[in-house]
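What follows is a single structure, written as structure tokens, with notes after it.
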Amino acid sequence: MTTSEPIDIHAHYKKGDKQTSGTVGHLDAGQDQVLKEVWIKLLAHFENTKDTPIKVEKSLVKNSGLAKAGISTSDTEAVEKWYTDNTDEVKEIKNQLVCDKLYLDGNRDIIVPSTFKPLFGDSADTRTFSNAFWQATMRFHSPDSYVLKFVRASGWDTDKAFARIRSSIERRITQEIDRLMWEGDTTQHNGVTQNGMCLHVGNDRLGSPVFIVTVRQNSPKLRSEANAEKLAAYALEKAAQLSRKYGEEALIVYDFAGFKLENVDLGFTKLIVTTLQELYPLTFTATLLFVNSWLFSGFWRAIRGWLDPAIAQRTVVVKDVQTLENFVDRSQIPVEMGGQNKYEYSYVYPTKEGNAKMFDTEGRQAAEAEFAAAVSAFVEQTKSWIDGSGPATHDAKLRSQAAAAFDTASANLDPFIRAQFYDERV
């Protein structure tokens, strides 16, 4: 059996090169065979589940006041009445979402279309496994890259990799991650967006984006449990999608400076860890814990047992800016962490204009048709590659071309099916 080797994350950053072993274009014969076996299982599962869609049972989006009341944002009269009846509630910091803040400030524009439309004609309450799978792979330049993340994290064990992919896609469906991205910032907690708890600030020494989570800004008392779960899913999916143009990986830094007892939130932390492991294996080249708080040691003892080996070997405790510089050049490190980056955060609210393509029905239909054709072509080339009916080099070339077409189609479809991120507005 092909197995994964331990990763020396310090060595990779010291050499300034990304790990390529076990990635697209860098597979040995054994690894290539494992990838084929996982695709055989996936294609069979697509066929076996095409008539049994999975229900959306734990939507992270439907906890907003309007959604709970069953009110469409296009029904202006009903929206106005609801806000009139619930003004005091939505003014409370703990409950207020971005959409609430916009409305209360007099911005009544519909930021995203009121009717959410899943890909490929899936209903609003169910998704087929295959449709959700192909949407999940859109943030990669090749569907193989998505599959290989799970394969590598599973030690090149075919059955474990398939089981993890299946579980991940099913969770994405039940939590309605596609709709979460459709709604964008509008259903996020307003206070969290204002303080910038999780920000993309510069790039690391490998060229990957750096996301800094300022832990002291986490205050469980100022947001509901439902908003915390939604925040974790949205922040991680956003980081994963933004990493697409930087080589499909990112670096995440948890800044524990000023960390106090009131910031301790083991439930939220475990949620982030499990979401990372289940939905985003090996998406982050490393997880750095930037520490100068005496509380951290107890916190670390509580959470380190939750990490699976793939994440644990990429997690590094960093106690000073000199060590942090091994991963991120000082020019990219924020001033408040001892660096030279004078980045200042000021939240910019979403606008309808920024999401214009989401309102373009004909444009979406054309982009979705292009994407569907690209998926079909990739599937056919994958079947030929598995069958081995033609010359290996010929099959590989055609499959590579199909992956390139998939990459282009994904990029073209993306702005029609999700709202702009803050990082794309500034």
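To be explicit about the labels: the chains of the structure tokens are called A, B, and onward in the order shown, and within each one the residues are counted from 1, while ligands get numbers from 1 in the order they are shown.
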Give me every helix (DSSP H, G or I) residue in range 202-241 of chain A, going by DSSP on the backbone, as a VMD selection string.
chain A and resid 215 to 217 220 to 222 225 to 241
Tell me, as a ChimeraX atom specification, which residues lie within 12 Å of range 301-307 of chain A, counting only C-alpha atoms; anything in the same chain fewer than 2 positions away does not count.
/A:264-278,281,287,289,295-299,309-317
Residue selection dump (N, CA, C and O atoms) as a short mmCIF file (atom, residue, chain, number, x, y, z; two decimals), in the first residue's frame:
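The file below, out.cif, is the result:
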data_model
loop_
_atom_site.label_atom_id
_atom_site.label_comp_id
_atom_site.auth_asym_id
_atom_site.auth_seq_id
_atom_site.Cartn_x
_atom_site.Cartn_y
_atom_site.Cartn_z
N VAL A 264 -12.09 32.22 25.82
CA VAL A 264 -12.04 30.76 25.75
C VAL A 264 -13.40 30.24 25.30
O VAL A 264 -14.44 30.55 25.89
N ASP A 265 -13.38 29.46 24.25
CA ASP A 265 -14.62 28.92 23.68
C ASP A 265 -14.31 27.55 23.10
O ASP A 265 -14.11 27.39 21.89
N LEU A 266 -14.28 26.55 23.96
CA LEU A 266 -13.88 25.21 23.53
C LEU A 266 -14.86 24.62 22.51
O LEU A 266 -14.46 23.91 21.59
N GLY A 267 -16.13 24.93 22.67
CA GLY A 267 -17.12 24.41 21.72
C GLY A 267 -16.88 24.94 20.32
O GLY A 267 -16.91 24.19 19.34
N PHE A 268 -16.63 26.24 20.21
CA PHE A 268 -16.37 26.88 18.92
C PHE A 268 -15.06 26.36 18.34
O PHE A 268 -14.96 26.09 17.13
N THR A 269 -14.06 26.19 19.21
CA THR A 269 -12.76 25.69 18.75
C THR A 269 -12.88 24.27 18.20
O THR A 269 -12.32 23.96 17.14
N LYS A 270 -13.61 23.44 18.90
CA LYS A 270 -13.77 22.06 18.42
C LYS A 270 -14.53 22.03 17.11
O LYS A 270 -14.24 21.21 16.23
N LEU A 271 -15.49 22.95 16.97
CA LEU A 271 -16.24 23.04 15.72
C LEU A 271 -15.32 23.38 14.56
O LEU A 271 -15.41 22.79 13.48
N ILE A 272 -14.41 24.32 14.76
CA ILE A 272 -13.46 24.70 13.72
C ILE A 272 -12.55 23.52 13.37
O ILE A 272 -12.32 23.22 12.19
N VAL A 273 -12.05 22.83 14.39
CA VAL A 273 -11.15 21.70 14.17
C VAL A 273 -11.84 20.60 13.38
O VAL A 273 -11.30 20.08 12.39
N THR A 274 -13.05 20.24 13.78
CA THR A 274 -13.76 19.16 13.09
C THR A 274 -14.14 19.57 11.66
O THR A 274 -14.09 18.75 10.75
N THR A 275 -14.50 20.84 11.48
CA THR A 275 -14.84 21.31 10.13
C THR A 275 -13.61 21.26 9.23
O THR A 275 -13.69 20.84 8.07
N LEU A 276 -12.47 21.69 9.75
CA LEU A 276 -11.22 21.63 8.99
C LEU A 276 -10.92 20.21 8.55
O LEU A 276 -10.57 19.95 7.40
N GLN A 277 -11.02 19.29 9.49
CA GLN A 277 -10.64 17.90 9.22
C GLN A 277 -11.63 17.20 8.29
O GLN A 277 -11.22 16.40 7.44
N GLU A 278 -12.89 17.52 8.42
CA GLU A 278 -13.90 16.82 7.64
C GLU A 278 -14.10 17.42 6.24
O GLU A 278 -14.33 16.69 5.28
N PRO A 281 -9.38 18.94 4.38
CA PRO A 281 -8.09 18.32 4.71
C PRO A 281 -6.96 18.86 3.84
O PRO A 281 -7.13 19.04 2.64
N THR A 287 -0.77 25.46 10.31
CA THR A 287 -1.56 26.23 11.26
C THR A 287 -0.61 26.73 12.33
O THR A 287 0.02 25.93 13.03
N LEU A 289 0.15 28.91 15.76
CA LEU A 289 -0.47 29.42 16.97
C LEU A 289 0.50 30.44 17.57
O LEU A 289 1.51 30.07 18.18
N LEU A 295 -2.61 31.80 29.47
CA LEU A 295 -3.77 30.91 29.40
C LEU A 295 -3.63 29.83 28.33
O LEU A 295 -4.30 28.81 28.38
N PHE A 296 -2.72 30.06 27.37
CA PHE A 296 -2.67 29.19 26.21
C PHE A 296 -2.33 27.75 26.56
O PHE A 296 -2.89 26.82 25.97
N SER A 297 -1.42 27.54 27.48
CA SER A 297 -0.96 26.17 27.77
C SER A 297 -2.12 25.27 28.17
O SER A 297 -2.24 24.13 27.71
N GLY A 298 -3.03 25.78 29.01
CA GLY A 298 -4.19 24.99 29.40
C GLY A 298 -5.14 24.78 28.24
O GLY A 298 -5.70 23.69 28.06
N PHE A 299 -5.31 25.81 27.45
CA PHE A 299 -6.17 25.73 26.27
C PHE A 299 -5.62 24.71 25.28
O PHE A 299 -6.35 23.90 24.73
N PRO A 309 -3.69 13.30 12.75
CA PRO A 309 -2.26 13.38 12.46
C PRO A 309 -1.91 14.34 11.33
O PRO A 309 -0.88 15.02 11.39
N ALA A 310 -2.74 14.42 10.29
CA ALA A 310 -2.44 15.28 9.14
C ALA A 310 -2.38 16.75 9.54
O ALA A 310 -1.57 17.51 9.03
N ILE A 311 -3.25 17.16 10.47
CA ILE A 311 -3.25 18.54 10.93
C ILE A 311 -2.22 18.74 12.04
O ILE A 311 -1.53 19.77 12.08
N ALA A 312 -2.08 17.75 12.91
CA ALA A 312 -1.17 17.89 14.04
C ALA A 312 0.27 18.14 13.59
O ALA A 312 0.98 18.98 14.17
N GLN A 313 0.72 17.44 12.53
CA GLN A 313 2.10 17.61 12.10
C GLN A 313 2.32 18.92 11.34
O GLN A 313 3.45 19.31 11.07
N ARG A 314 1.23 19.61 11.04
CA ARG A 314 1.33 20.91 10.38
C ARG A 314 0.98 22.06 11.33
O ARG A 314 0.80 23.19 10.89
N THR A 315 0.82 21.76 12.60
CA THR A 315 0.49 22.77 13.60
C THR A 315 1.74 23.14 14.39
O THR A 315 2.42 22.27 14.93
N VAL A 316 2.03 24.44 14.44
CA VAL A 316 3.26 24.91 15.07
C VAL A 316 2.93 26.03 16.06
O VAL A 316 2.20 26.97 15.74
N VAL A 317 3.48 25.90 17.27
CA VAL A 317 3.34 26.96 18.27
C VAL A 317 4.48 27.96 18.06
O VAL A 317 5.65 27.59 18.06
#
Considering only C-alpha atoms, give me a table of residues in range 11-81 of chain A that are at most 12 Å from range 247-251 of chain A, with the closest atom pair and distance in Å for each, as CSV.
residue,atom,partner,partner_atom,distance
A:Tyr13,CA,A:Leu251,CA,11.3
A:Asp17,CA,A:Gly247,CA,11.8
A:Lys18,CA,A:Gly247,CA,9.3
A:Gln19,CA,A:Glu249,CA,10.6
A:Thr20,CA,A:Gly247,CA,11.0
A:Thr23,CA,A:Glu248,CA,11.3
A:Val24,CA,A:Gly247,CA,11.6
Shortest interatomic distance to Asp178 in chain A - which of A:Pro118, A:Gly106, A:Gly258, A:Gly16, counting only C-alpha atoms:
A:Pro118
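CA of His45 in chain A sits 11.1 Å away from CA of Ala163 in chain A.
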Using only C-alpha atoms, can you tell me which of A:Asp308, A:Glu225, A:Asp159, A:Glu176 comes closest to Lys41 in chain A?
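With only C-alpha atoms as the atom set, the closest residue is A:Asp159.
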Do you know which residues are at most 6 Å from Met197 in chain A counting only C-alpha atoms, after dropping those on the same chain fewer than 3 positions away, and could you put them as JSON, numbers by chain?
{"A": [213, 214, 217]}
Any chance you can output those residues with N, CA, C and O atoms as a compact mmCIF listing (two decimals), in the first residue's frame?
# COMPACT_ATOMS: atom_id res chain seq x y z
N VAL A 213 -6.44 34.90 12.40
CA VAL A 213 -7.60 34.87 13.29
C VAL A 213 -7.19 35.51 14.61
O VAL A 213 -6.31 34.99 15.31
N THR A 214 -7.77 36.65 14.93
CA THR A 214 -7.44 37.36 16.17
C THR A 214 -8.34 36.82 17.27
O THR A 214 -9.51 37.21 17.40
N GLN A 217 -10.65 38.67 19.82
CA GLN A 217 -11.89 39.29 19.35
C GLN A 217 -13.06 38.31 19.37
O GLN A 217 -14.19 38.68 19.05
I'd like the contact shell of Gly339 in chain A - 10 Å cut-off, only C-alpha atoms, skipping same-chain residues fewer than 6 positions apart - returned as number ranges by chain.
A: 321-322, 324-325, 328-333
Hey, can you spit out that residue selection with all heavy atoms as a compact mmCIF listing (two decimals), in the first residue's frame?
# COMPACT_ATOMS: atom_id res chain seq x y z
N VAL A 321 8.02 36.93 16.90
CA VAL A 321 7.94 37.31 15.50
C VAL A 321 9.12 36.74 14.71
O VAL A 321 9.00 36.50 13.50
CB VAL A 321 7.86 38.84 15.36
CG1 VAL A 321 9.18 39.50 15.73
CG2 VAL A 321 7.44 39.23 13.95
N GLN A 322 10.26 36.51 15.38
CA GLN A 322 11.41 35.95 14.68
C GLN A 322 11.10 34.55 14.16
O GLN A 322 11.46 34.20 13.02
CB GLN A 322 12.64 35.91 15.61
CG GLN A 322 13.25 37.27 15.92
CD GLN A 322 12.44 38.07 16.93
OE1 GLN A 322 11.66 37.50 17.71
NE2 GLN A 322 12.61 39.38 16.92
N LEU A 324 8.03 33.46 13.63
CA LEU A 324 6.96 33.65 12.64
C LEU A 324 7.54 33.99 11.28
O LEU A 324 6.99 33.60 10.24
CB LEU A 324 6.02 34.76 13.11
CG LEU A 324 4.77 35.06 12.26
CD1 LEU A 324 3.91 33.81 12.10
CD2 LEU A 324 3.96 36.18 12.89
N GLU A 325 8.68 34.67 11.28
CA GLU A 325 9.34 35.05 10.02
C GLU A 325 9.82 33.85 9.23
O GLU A 325 10.10 33.98 8.03
CB GLU A 325 10.51 35.99 10.30
CG GLU A 325 10.13 37.43 10.50
CD GLU A 325 11.33 38.34 10.52
OE1 GLU A 325 12.01 38.39 11.57
OE2 GLU A 325 11.62 38.99 9.49
N VAL A 328 6.46 33.64 7.29
CA VAL A 328 5.92 34.84 6.65
C VAL A 328 6.96 35.95 6.73
O VAL A 328 7.50 36.22 7.80
CB VAL A 328 4.62 35.31 7.36
CG1 VAL A 328 4.00 36.48 6.61
CG2 VAL A 328 3.63 34.17 7.50
N ASP A 329 7.25 36.57 5.59
CA ASP A 329 8.20 37.68 5.60
C ASP A 329 7.67 38.81 6.49
O ASP A 329 6.47 39.07 6.53
CB ASP A 329 8.40 38.20 4.17
CG ASP A 329 9.51 39.23 4.09
OD1 ASP A 329 10.68 38.83 3.97
OD2 ASP A 329 9.20 40.44 4.16
N ARG A 330 8.59 39.50 7.17
CA ARG A 330 8.18 40.55 8.11
C ARG A 330 7.35 41.63 7.43
O ARG A 330 6.48 42.24 8.05
CB ARG A 330 9.42 41.16 8.77
CG ARG A 330 9.08 42.09 9.94
CD ARG A 330 10.32 42.50 10.69
NE ARG A 330 10.87 41.41 11.47
CZ ARG A 330 11.09 41.46 12.79
NH1 ARG A 330 10.79 42.56 13.46
NH2 ARG A 330 11.63 40.44 13.42
N SER A 331 7.59 41.86 6.16
CA SER A 331 6.82 42.89 5.44
C SER A 331 5.35 42.52 5.32
O SER A 331 4.50 43.38 5.08
CB SER A 331 7.41 43.11 4.04
OG SER A 331 7.25 41.93 3.24
N GLN A 332 5.03 41.23 5.47
CA GLN A 332 3.65 40.75 5.36
C GLN A 332 2.98 40.59 6.72
O GLN A 332 1.77 40.42 6.80
CB GLN A 332 3.62 39.41 4.64
CG GLN A 332 4.23 39.42 3.24
CD GLN A 332 3.37 40.18 2.26
OE1 GLN A 332 2.24 39.81 1.97
NE2 GLN A 332 3.92 41.27 1.73
N ILE A 333 3.76 40.65 7.79
CA ILE A 333 3.23 40.47 9.15
C ILE A 333 2.69 41.80 9.67
O ILE A 333 3.37 42.82 9.60
CB ILE A 333 4.33 39.95 10.10
CG1 ILE A 333 4.87 38.61 9.59
CG2 ILE A 333 3.78 39.79 11.52
CD1 ILE A 333 6.10 38.12 10.35
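When only C-alpha atoms are used to compute distances to Thr283 in chain A, the closest of the residues A:Thr408, A:Ser400, A:Ser346, A:Ser145 turns out to be A:Ser145.
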